[in-house]
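To be precise, the following lines are entry.cif, and they hold mmCIF, C-alpha atoms.
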data_structure
#
loop_
_atom_site.label_atom_id
_atom_site.label_comp_id
_atom_site.auth_asym_id
_atom_site.auth_seq_id
_atom_site.Cartn_x
_atom_site.Cartn_y
_atom_site.Cartn_z
CA MET A 3 71.39 10.78 -22.70
CA ASP A 4 73.57 12.15 -19.92
CA ASN A 5 76.62 11.72 -22.12
CA GLU A 6 75.24 13.45 -25.24
CA PHE A 7 76.23 17.03 -26.06
CA VAL A 8 75.92 19.78 -28.65
CA LEU A 9 78.96 21.77 -29.78
CA LEU A 10 78.38 25.15 -31.42
CA MET A 11 81.41 26.94 -32.82
CA ARG A 12 82.26 29.89 -35.03
CA CYS A 13 85.62 30.98 -36.37
CA ALA A 14 87.36 32.37 -39.43
CA ASP A 15 86.98 29.97 -42.35
CA GLN A 16 90.22 28.01 -42.75
CA PRO A 17 91.24 24.78 -44.46
CA GLY A 18 90.81 21.57 -42.47
CA ILE A 19 89.19 23.10 -39.40
CA LEU A 20 86.21 20.70 -39.41
CA ALA A 21 88.50 17.70 -39.77
CA ARG A 22 90.54 18.92 -36.82
CA VAL A 23 87.42 19.30 -34.65
CA THR A 24 86.04 15.86 -35.52
CA GLY A 25 89.52 14.47 -34.95
CA PHE A 26 89.53 16.04 -31.49
CA LEU A 27 86.28 14.21 -30.70
CA TYR A 28 87.54 10.96 -32.22
CA ASP A 29 90.64 11.06 -30.02
CA ARG A 30 88.30 11.12 -27.00
CA GLU A 31 86.09 8.31 -28.34
CA GLY A 32 83.38 10.80 -29.23
CA ASP A 33 80.63 9.50 -31.49
CA VAL A 34 79.24 12.15 -33.85
CA ARG A 35 75.47 11.71 -34.16
CA ASP A 36 74.75 14.72 -36.36
CA ALA A 37 76.87 17.48 -37.88
CA ALA A 38 76.13 20.60 -39.90
CA GLN A 39 78.39 23.37 -41.12
CA PHE A 40 78.21 26.57 -43.14
CA GLY A 41 80.91 28.79 -44.56
CA ASP A 42 79.72 32.33 -45.24
CA PRO A 43 81.67 33.82 -48.18
CA SER A 44 80.36 37.30 -47.41
CA THR A 45 81.90 37.38 -43.92
CA GLY A 46 84.61 34.71 -44.14
CA LEU A 47 83.16 32.99 -41.08
CA PHE A 48 82.67 29.26 -40.58
CA PHE A 49 79.81 27.90 -38.43
CA VAL A 50 79.53 24.36 -37.04
CA ARG A 51 76.97 22.44 -34.99
CA ILE A 52 77.88 18.91 -33.84
CA HIS A 53 75.70 16.60 -31.77
CA PHE A 54 78.00 14.00 -30.25
CA ARG A 55 78.10 11.27 -27.62
CA LEU A 56 80.91 10.56 -25.18
CA PRO A 57 81.65 7.11 -23.73
CA ASP A 58 79.87 6.19 -20.51
CA GLY A 59 81.73 7.62 -17.55
CA ALA A 60 83.66 10.17 -19.62
CA ASP A 61 84.59 13.41 -17.86
CA SER A 62 82.80 16.13 -19.83
CA SER A 63 84.50 18.88 -17.80
CA ALA A 64 87.88 17.58 -18.93
CA VAL A 65 86.67 17.55 -22.55
CA ARG A 66 85.61 21.18 -22.23
CA GLN A 67 88.99 22.14 -20.76
CA ASP A 68 90.81 20.29 -23.52
CA PHE A 69 88.66 21.92 -26.19
CA GLU A 70 89.34 25.38 -24.77
CA ALA A 71 93.06 24.81 -25.26
CA PHE A 72 92.43 23.27 -28.70
CA ALA A 73 90.21 26.15 -29.87
CA LYS A 74 92.39 29.08 -28.84
CA PRO A 75 94.99 28.93 -31.65
CA PHE A 76 92.21 28.81 -34.25
CA GLY A 77 90.24 31.71 -32.77
CA ILE A 78 87.19 29.50 -32.24
CA GLN A 79 84.22 30.86 -30.30
CA TRP A 80 82.39 27.86 -28.90
CA VAL A 81 79.95 26.42 -26.39
CA ILE A 82 79.19 22.83 -25.39
CA ARG A 83 75.82 22.04 -23.81
CA ARG A 84 74.15 18.81 -22.74
CA TRP A 85 71.77 17.52 -25.40
CA GLU A 86 68.79 16.62 -23.22
CA ARG A 87 68.86 19.77 -21.09
CA ARG A 88 65.55 21.66 -21.15
CA LEU A 89 66.11 25.39 -21.59
CA PRO A 90 64.62 27.53 -18.79
CA VAL A 91 62.28 30.06 -20.45
CA MET A 92 60.28 33.07 -19.28
CA VAL A 93 57.34 34.26 -21.39
CA ALA A 94 56.03 37.83 -21.61
CA VAL A 95 52.49 38.54 -22.83
CA SER A 96 49.90 41.32 -22.86
CA LYS A 97 46.22 40.63 -23.63
CA GLU A 98 46.36 38.29 -26.65
CA GLY A 99 46.95 34.72 -25.54
CA HIS A 100 47.20 32.62 -28.70
CA CYS A 101 51.00 32.39 -28.74
CA LEU A 102 51.21 31.92 -24.97
CA ASN A 103 48.57 29.18 -25.01
CA ASP A 104 50.37 27.39 -27.84
CA LEU A 105 53.73 27.52 -26.05
CA LEU A 106 52.27 26.27 -22.78
CA HIS A 107 50.48 23.40 -24.53
CA ARG A 108 53.55 22.32 -26.51
CA TRP A 109 55.64 22.48 -23.33
CA ARG A 110 53.10 20.37 -21.41
CA ILE A 111 53.01 17.61 -24.03
CA GLY A 112 56.79 17.56 -24.39
CA ALA A 113 56.88 19.02 -27.89
CA LEU A 114 59.27 21.80 -26.85
CA PRO A 115 62.59 21.16 -25.07
CA ILE A 116 61.98 23.96 -22.58
CA LYS A 117 60.97 24.50 -18.97
CA VAL A 118 58.59 27.43 -18.48
CA MET A 119 59.77 29.27 -15.37
CA GLY A 120 56.98 31.83 -15.37
CA VAL A 121 54.94 34.38 -17.30
CA ILE A 122 55.30 38.16 -17.05
CA SER A 123 52.44 40.44 -18.10
CA ASN A 124 51.46 44.08 -17.96
CA HIS A 125 47.81 42.96 -17.76
CA GLU A 126 45.91 40.45 -15.62
CA THR A 127 44.08 38.95 -18.61
CA MET A 128 46.17 35.80 -18.94
CA ARG A 129 46.47 35.02 -15.21
CA PRO A 130 43.74 32.29 -15.19
CA LEU A 131 45.33 30.44 -18.12
CA VAL A 132 48.83 30.64 -16.64
CA GLU A 133 47.79 29.56 -13.16
CA TRP A 134 45.73 26.67 -14.62
CA HIS A 135 49.05 25.41 -16.00
CA ASP A 136 50.52 25.80 -12.47
CA VAL A 137 53.05 28.35 -13.73
CA PRO A 138 54.01 31.47 -11.72
CA PHE A 139 52.30 34.62 -13.03
CA HIS A 140 54.08 37.95 -12.52
CA TYR A 141 51.89 41.03 -12.96
CA VAL A 142 54.14 43.97 -13.76
CA PRO A 143 51.98 46.93 -14.83
CA VAL A 144 53.50 49.78 -16.79
CA GLN A 145 52.77 53.47 -17.21
CA ALA A 146 54.62 55.96 -19.36
CA ASP A 147 56.29 57.50 -16.31
CA THR A 148 57.21 54.13 -14.74
CA LYS A 149 58.71 52.43 -17.80
CA ARG A 150 62.24 52.31 -16.41
CA GLU A 151 61.11 50.82 -13.08
CA GLN A 152 58.83 48.30 -14.82
CA GLU A 153 61.63 47.06 -17.06
CA ALA A 154 63.96 46.75 -14.09
CA ALA A 155 61.31 44.63 -12.35
CA MET A 156 60.89 42.48 -15.48
CA LEU A 157 64.61 41.92 -15.74
CA ASP A 158 64.83 41.04 -12.05
CA VAL A 159 62.04 38.45 -12.40
CA PHE A 160 63.73 37.02 -15.48
CA GLU A 161 67.20 36.75 -13.96
CA SER A 162 66.09 35.51 -10.55
CA SER A 163 63.99 32.74 -12.11
CA GLY A 164 67.04 31.19 -13.75
CA ALA A 165 65.52 31.64 -17.21
CA GLU A 166 67.92 31.85 -20.14
CA LEU A 167 65.44 33.01 -22.80
CA LEU A 168 62.67 35.63 -22.72
CA VAL A 169 59.93 34.98 -25.27
CA LEU A 170 57.76 37.95 -26.21
CA ALA A 171 54.51 36.12 -27.02
CA ARG A 172 52.58 39.15 -28.27
CA TYR A 173 53.93 41.38 -25.52
CA MET A 174 52.71 44.76 -26.75
CA GLN A 175 55.33 47.00 -25.18
CA ILE A 176 58.45 48.32 -26.88
CA LEU A 177 61.55 47.40 -24.91
CA SER A 178 64.06 50.18 -24.27
CA PRO A 179 67.49 50.04 -25.91
CA GLU A 180 68.97 49.31 -22.47
CA MET A 181 66.62 46.35 -21.96
CA CYS A 182 67.36 45.03 -25.46
CA THR A 183 71.10 45.24 -24.79
CA ALA A 184 70.74 43.42 -21.46
CA LEU A 185 68.85 40.61 -23.23
CA SER A 186 71.01 40.48 -26.35
CA GLY A 187 70.73 37.02 -27.93
CA ARG A 188 68.34 35.95 -25.14
CA CYS A 189 65.03 37.46 -26.29
CA ILE A 190 62.78 36.33 -29.16
CA ASN A 191 59.82 38.33 -30.50
CA ILE A 192 56.98 37.44 -32.87
CA HIS A 193 55.15 39.86 -35.14
CA HIS A 194 53.00 39.84 -38.24
CA SER A 195 54.94 40.22 -41.47
CA PHE A 196 53.00 43.33 -42.51
CA LEU A 197 55.59 45.53 -40.83
CA PRO A 198 56.46 48.16 -41.82
CA SER A 199 53.54 48.43 -44.28
CA PHE A 200 50.90 47.99 -41.58
CA LYS A 201 52.26 49.36 -38.33
CA GLY A 202 50.08 50.02 -35.33
CA ALA A 203 46.64 48.71 -34.39
CA ARG A 204 44.39 46.34 -36.39
CA PRO A 205 46.98 45.39 -39.04
CA TYR A 206 44.88 42.52 -40.42
CA HIS A 207 41.90 44.80 -40.94
CA ARG A 208 44.07 47.34 -42.76
CA ALA A 209 45.58 44.59 -44.89
CA HIS A 210 42.07 43.37 -45.76
CA GLU A 211 41.13 46.86 -46.92
CA LEU A 212 44.00 46.78 -49.42
CA GLY A 213 43.30 43.24 -50.61
CA VAL A 214 46.55 41.52 -49.65
CA LYS A 215 47.07 37.98 -50.98
CA LEU A 216 49.69 36.80 -48.48
CA ILE A 217 49.82 37.14 -44.72
CA GLY A 218 52.52 35.84 -42.46
CA ALA A 219 54.64 36.10 -39.35
CA THR A 220 58.28 36.62 -38.39
CA ALA A 221 60.20 35.49 -35.31
CA HIS A 222 63.42 37.37 -34.59
CA TYR A 223 65.90 38.23 -31.88
CA VAL A 224 65.17 41.53 -30.17
CA THR A 225 67.57 44.43 -30.72
CA PRO A 226 67.34 48.18 -30.13
CA ASP A 227 66.33 48.49 -33.82
CA LEU A 228 62.58 47.94 -33.51
CA ASP A 229 61.45 44.76 -35.32
CA GLU A 230 64.70 44.61 -37.28
CA GLY A 231 66.61 42.05 -35.23
CA PRO A 232 68.16 38.92 -36.78
CA ILE A 233 65.37 36.81 -38.29
CA ILE A 234 65.02 33.22 -37.06
CA GLU A 235 61.90 31.96 -38.85
CA GLN A 236 59.14 33.20 -41.15
CA ASP A 237 56.04 31.74 -42.77
CA VAL A 238 53.22 32.94 -45.01
CA ARG A 239 49.67 31.85 -45.82
CA ARG A 240 47.79 32.66 -49.01
CA VAL A 241 44.46 34.46 -48.59
CA SER A 242 41.87 35.75 -51.02
CA HIS A 243 39.07 38.26 -51.51
CA ALA A 244 36.72 35.76 -49.89
CA HIS A 245 38.41 36.00 -46.49
CA SER A 246 36.95 38.44 -43.98
CA PRO A 247 39.08 40.52 -41.60
CA GLN A 248 38.18 38.02 -38.88
CA ASP A 249 39.43 35.19 -41.11
CA LEU A 250 42.74 36.99 -41.56
CA VAL A 251 43.08 37.47 -37.81
CA ALA A 252 42.48 33.74 -37.20
CA ILE A 253 44.90 32.66 -39.92
CA GLY A 254 47.45 35.18 -38.70
CA ARG A 255 47.22 33.95 -35.12
CA ASP A 256 47.80 30.34 -36.17
CA THR A 257 50.80 31.39 -38.25
CA GLU A 258 52.28 33.50 -35.46
CA ALA A 259 51.96 30.66 -32.95
CA SER A 260 53.61 28.05 -35.18
CA VAL A 261 56.44 30.35 -36.28
CA LEU A 262 57.22 31.35 -32.70
CA ALA A 263 57.16 27.72 -31.52
CA ARG A 264 59.70 26.72 -34.18
CA ALA A 265 61.97 29.61 -33.27
CA VAL A 266 61.87 28.73 -29.57
CA LYS A 267 62.50 25.05 -30.32
CA TRP A 268 65.52 25.77 -32.52
CA HIS A 269 66.97 28.18 -29.95
CA ALA A 270 66.49 25.61 -27.17
CA GLU A 271 68.15 22.91 -29.28
CA ARG A 272 71.13 25.20 -29.97
CA ARG A 273 70.46 25.28 -33.70
CA ILE A 274 70.81 29.05 -34.15
CA MET A 275 73.98 31.10 -34.46
CA LEU A 276 74.19 34.84 -34.92
CA ASN A 277 75.94 36.04 -38.05
CA GLY A 278 75.97 39.82 -37.80
CA ARG A 279 72.46 41.03 -38.57
CA LYS A 280 71.49 37.55 -39.79
CA THR A 281 71.26 34.06 -38.35
CA VAL A 282 72.55 30.65 -39.33
CA VAL A 283 69.86 28.09 -38.47
CA PHE A 284 70.81 24.40 -38.61
CA THR A 285 67.43 22.64 -38.89
#
Kindly transcribe the structure held in the file into structure tokens.
Amino acid sequence: MDNEFVLLMRCADQPGILARVTGFLYDREGDVRDAAQFGDPSTGLFFVRIHFRLPDGADSSAVRQDFEAFAKPFGIQWVIRRWERRLPVMVAVSKEGHCLNDLLHRWRIGALPIKVMGVISNHETMRPLVEWHDVPFHYVPVQADTKREQEAAMLDVFESSGAELLVLARYMQILSPEMCTALSGRCINIHHSFLPSFKGARPYHRAHELGVKLIGATAHYVTPDLDEGPIIEQDVRRVSHAHSPQDLVAIGRDTEASVLARAVKWHAERRIMLNGRKTVVFT
């Protein structure tokens, strides 16, 4: 699959633009394997994802150069990436390991198109699990008066590893606005969908006290607006009066892990495009 690629593009909606793009690929003997598009009437923007194949021996660098010249008059923002490339990922975690364990397992069995470059944690709790997977473990403790230095160390580990995505797999520290800005579009978080109704500790126990009937989870890109970044994926599970707080915790953990895995997979496969405070997800 060395000659298969994904094109992501965004531009002002305009007549015939998709035909022009597919014509560009046709002129270079490109074979479109899959295509999806969305025109947003609220913003006037047009989003496209095309999975295509070039002939054996084709010069992909020349195609990129040609497309840059083609795209400029139309105001197209675009990126072309190899289809089979595994996205380098760094994971951050605190003491709860259900999301981390799920990501590591899916990566090991080839269910996620990623390469885990390492795990960062402000606790030592997950070190045995991470090292069992033969993945580098970076212990970066944090105190209130060392927050700035700790985030700088985290960012240095992330950048020096070659990772292109930071996954907050139940990392229980609030990132500073500066850190969020540095990782804009490159950081995914998971949280329970009780926010903002059940902020703080023991949310499932508090939800049980009020007799909720639905619990769920949300994966989103991290922004300086706490837990209000563009949503990638959500899911819910129905519960009843018969479920104990421990039942809700177990159901919630399963939901969080599966929602986060889907979000990471779609990001790695270049299926997500930012649309202001929202996302376009081509699944």
If the PyMOL selection byres ((chain A and resi 209-211) around 8) is run on the structure shown, which residues does it catch, given as a count of residues only?
12
Tell me, as a PyMOL selection string, which residues lie within 10 Å of Ala263 of chain A, counting all atoms listed in the file; anything in the same chain fewer than 4 positions away does not count.
chain A and resi 101-102+104-105+108-109+113-114+169+171+192+221+235+257-259+267-269
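Here the question is which of A:Leu216, A:Val50, A:Val95, A:Ile176 gets nearest to Trp80 of chain A using all atoms listed in the file, and that residue is A:Val50.
Minimum atom-to-atom distances from A:Thr225, A:Gln16, A:Gln248, A:Thr220 to Pro43 of chain A were compared using only C-alpha atoms, and the lowest value belongs to A:Gln16.
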Nearest to Asp229 of chain A, chosen from A:Ile274, A:Val266, A:Leu47, A:Cys182, with all atoms listed in the file counted in the distances:
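The closest residue to Asp229 of chain A is A:Cys182.
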Fewer than 6 positions away in the same chain doesn't count, so skip those; otherwise give me all residues within 10 Å of segment 23-27 of chain A, counting only C-alpha atoms, as a VMD selection string.
chain A and resid 11 33 to 34 37 50 52 54 to 56 65 68 to 69 72 to 73
For the residues in that selection, give me C-alpha atoms as a compact mmCIF listing (two decimals), in the frame of the given file.
# COMPACT_ATOMS: atom_id res chain seq x y z
CA MET A 11 81.41 26.94 -32.82
CA ASP A 33 80.63 9.50 -31.49
CA VAL A 34 79.24 12.15 -33.85
CA ALA A 37 76.87 17.48 -37.88
CA VAL A 50 79.53 24.36 -37.04
CA ILE A 52 77.88 18.91 -33.84
CA PHE A 54 78.00 14.00 -30.25
CA ARG A 55 78.10 11.27 -27.62
CA LEU A 56 80.91 10.56 -25.18
CA VAL A 65 86.67 17.55 -22.55
CA ASP A 68 90.81 20.29 -23.52
CA PHE A 69 88.66 21.92 -26.19
CA PHE A 72 92.43 23.27 -28.70
CA ALA A 73 90.21 26.15 -29.87
Atoms added to segment 242-253 of chain A (all heavy atoms), reported as an mmCIF file, in the coordinates of the input:
data_model
loop_
_atom_site.group_PDB
_atom_site.id
_atom_site.type_symbol
_atom_site.label_atom_id
_atom_site.label_comp_id
_atom_site.auth_asym_id
_atom_site.auth_seq_id
_atom_site.Cartn_x
_atom_site.Cartn_y
_atom_site.Cartn_z
ATOM 1 N N SER A 242 42.550 35.257 -49.825
ATOM 2 C CA SER A 242 41.870 35.750 -51.020
ATOM 3 C C SER A 242 40.818 36.785 -50.655
ATOM 4 O O SER A 242 40.579 37.088 -49.480
ATOM 5 C CB SER A 242 41.211 34.594 -51.776
ATOM 6 O OG SER A 242 40.032 34.172 -51.102
ATOM 7 N N HIS A 243 40.135 37.279 -51.701
ATOM 8 C CA HIS A 243 39.070 38.260 -51.510
ATOM 9 C C HIS A 243 37.926 37.703 -50.672
ATOM 10 O O HIS A 243 37.139 38.461 -50.103
ATOM 11 C CB HIS A 243 38.526 38.694 -52.880
ATOM 12 C CG HIS A 243 37.939 37.556 -53.659
ATOM 13 N ND1 HIS A 243 38.703 36.729 -54.444
ATOM 14 C CD2 HIS A 243 36.663 37.086 -53.729
ATOM 15 C CE1 HIS A 243 37.928 35.809 -54.992
ATOM 16 N NE2 HIS A 243 36.690 35.999 -54.577
ATOM 17 N N ALA A 244 37.825 36.375 -50.610
ATOM 18 C CA ALA A 244 36.720 35.760 -49.890
ATOM 19 C C ALA A 244 36.917 35.749 -48.380
ATOM 20 O O ALA A 244 35.979 35.485 -47.624
ATOM 21 C CB ALA A 244 36.497 34.333 -50.386
ATOM 22 N N HIS A 245 38.142 36.009 -47.922
ATOM 23 C CA HIS A 245 38.410 36.000 -46.490
ATOM 24 C C HIS A 245 38.005 37.335 -45.860
ATOM 25 O O HIS A 245 38.318 38.410 -46.390
ATOM 26 C CB HIS A 245 39.897 35.754 -46.219
ATOM 27 C CG HIS A 245 40.324 34.347 -46.494
ATOM 28 N ND1 HIS A 245 40.962 33.968 -47.648
ATOM 29 C CD2 HIS A 245 40.199 33.214 -45.744
ATOM 30 C CE1 HIS A 245 41.227 32.672 -47.605
ATOM 31 N NE2 HIS A 245 40.768 32.191 -46.466
ATOM 32 N N SER A 246 37.332 37.251 -44.731
ATOM 33 C CA SER A 246 36.950 38.440 -43.980
ATOM 34 C C SER A 246 38.108 38.904 -43.108
ATOM 35 O O SER A 246 39.087 38.166 -42.922
ATOM 36 C CB SER A 246 35.743 38.122 -43.082
ATOM 37 O OG SER A 246 36.139 37.229 -42.042
ATOM 38 N N PRO A 247 38.041 40.100 -42.544
ATOM 39 C CA PRO A 247 39.080 40.520 -41.600
ATOM 40 C C PRO A 247 39.242 39.547 -40.437
ATOM 41 O O PRO A 247 40.357 39.280 -39.989
ATOM 42 C CB PRO A 247 38.577 41.887 -41.111
ATOM 43 C CG PRO A 247 37.756 42.405 -42.234
ATOM 44 C CD PRO A 247 37.078 41.176 -42.825
ATOM 45 N N GLN A 248 38.111 38.985 -39.978
ATOM 46 C CA GLN A 248 38.180 38.020 -38.880
ATOM 47 C C GLN A 248 38.899 36.738 -39.312
ATOM 48 O O GLN A 248 39.621 36.120 -38.524
ATOM 49 C CB GLN A 248 36.776 37.693 -38.382
ATOM 50 C CG GLN A 248 36.074 38.845 -37.662
ATOM 51 C CD GLN A 248 35.627 39.964 -38.607
ATOM 52 O OE1 GLN A 248 35.362 39.723 -39.799
ATOM 53 N NE2 GLN A 248 35.549 41.175 -38.081
ATOM 54 N N ASP A 249 38.705 36.344 -40.574
ATOM 55 C CA ASP A 249 39.430 35.190 -41.110
ATOM 56 C C ASP A 249 40.924 35.453 -41.102
ATOM 57 O O ASP A 249 41.730 34.579 -40.744
ATOM 58 C CB ASP A 249 38.984 34.882 -42.542
ATOM 59 C CG ASP A 249 37.560 34.364 -42.629
ATOM 60 O OD1 ASP A 249 37.100 33.764 -41.644
ATOM 61 O OD2 ASP A 249 36.929 34.575 -43.684
ATOM 62 N N LEU A 250 41.322 36.656 -41.522
ATOM 63 C CA LEU A 250 42.740 36.990 -41.560
ATOM 64 C C LEU A 250 43.339 36.981 -40.166
ATOM 65 O O LEU A 250 44.467 36.519 -39.975
ATOM 66 C CB LEU A 250 42.950 38.366 -42.201
ATOM 67 C CG LEU A 250 42.518 38.558 -43.662
ATOM 68 C CD1 LEU A 250 43.082 39.868 -44.206
ATOM 69 C CD2 LEU A 250 42.950 37.401 -44.539
ATOM 70 N N VAL A 251 42.593 37.479 -39.197
ATOM 71 C CA VAL A 251 43.080 37.470 -37.810
ATOM 72 C C VAL A 251 43.308 36.037 -37.349
ATOM 73 O O VAL A 251 44.347 35.711 -36.754
ATOM 74 C CB VAL A 251 42.082 38.186 -36.882
ATOM 75 C CG1 VAL A 251 42.466 37.963 -35.420
ATOM 76 C CG2 VAL A 251 42.047 39.680 -37.180
ATOM 77 N N ALA A 252 42.347 35.135 -37.630
ATOM 78 C CA ALA A 252 42.480 33.740 -37.200
ATOM 79 C C ALA A 252 43.643 33.051 -37.883
ATOM 80 O O ALA A 252 44.434 32.344 -37.232
ATOM 81 C CB ALA A 252 41.175 32.994 -37.497
ATOM 82 N N ILE A 253 43.781 33.255 -39.191
ATOM 83 C CA ILE A 253 44.900 32.660 -39.920
ATOM 84 C C ILE A 253 46.214 33.223 -39.418
ATOM 85 O O ILE A 253 47.204 32.501 -39.243
ATOM 86 C CB ILE A 253 44.738 32.900 -41.438
ATOM 87 C CG1 ILE A 253 43.514 32.155 -41.969
ATOM 88 C CG2 ILE A 253 45.987 32.458 -42.193
ATOM 89 C CD1 ILE A 253 43.135 32.551 -43.391
#
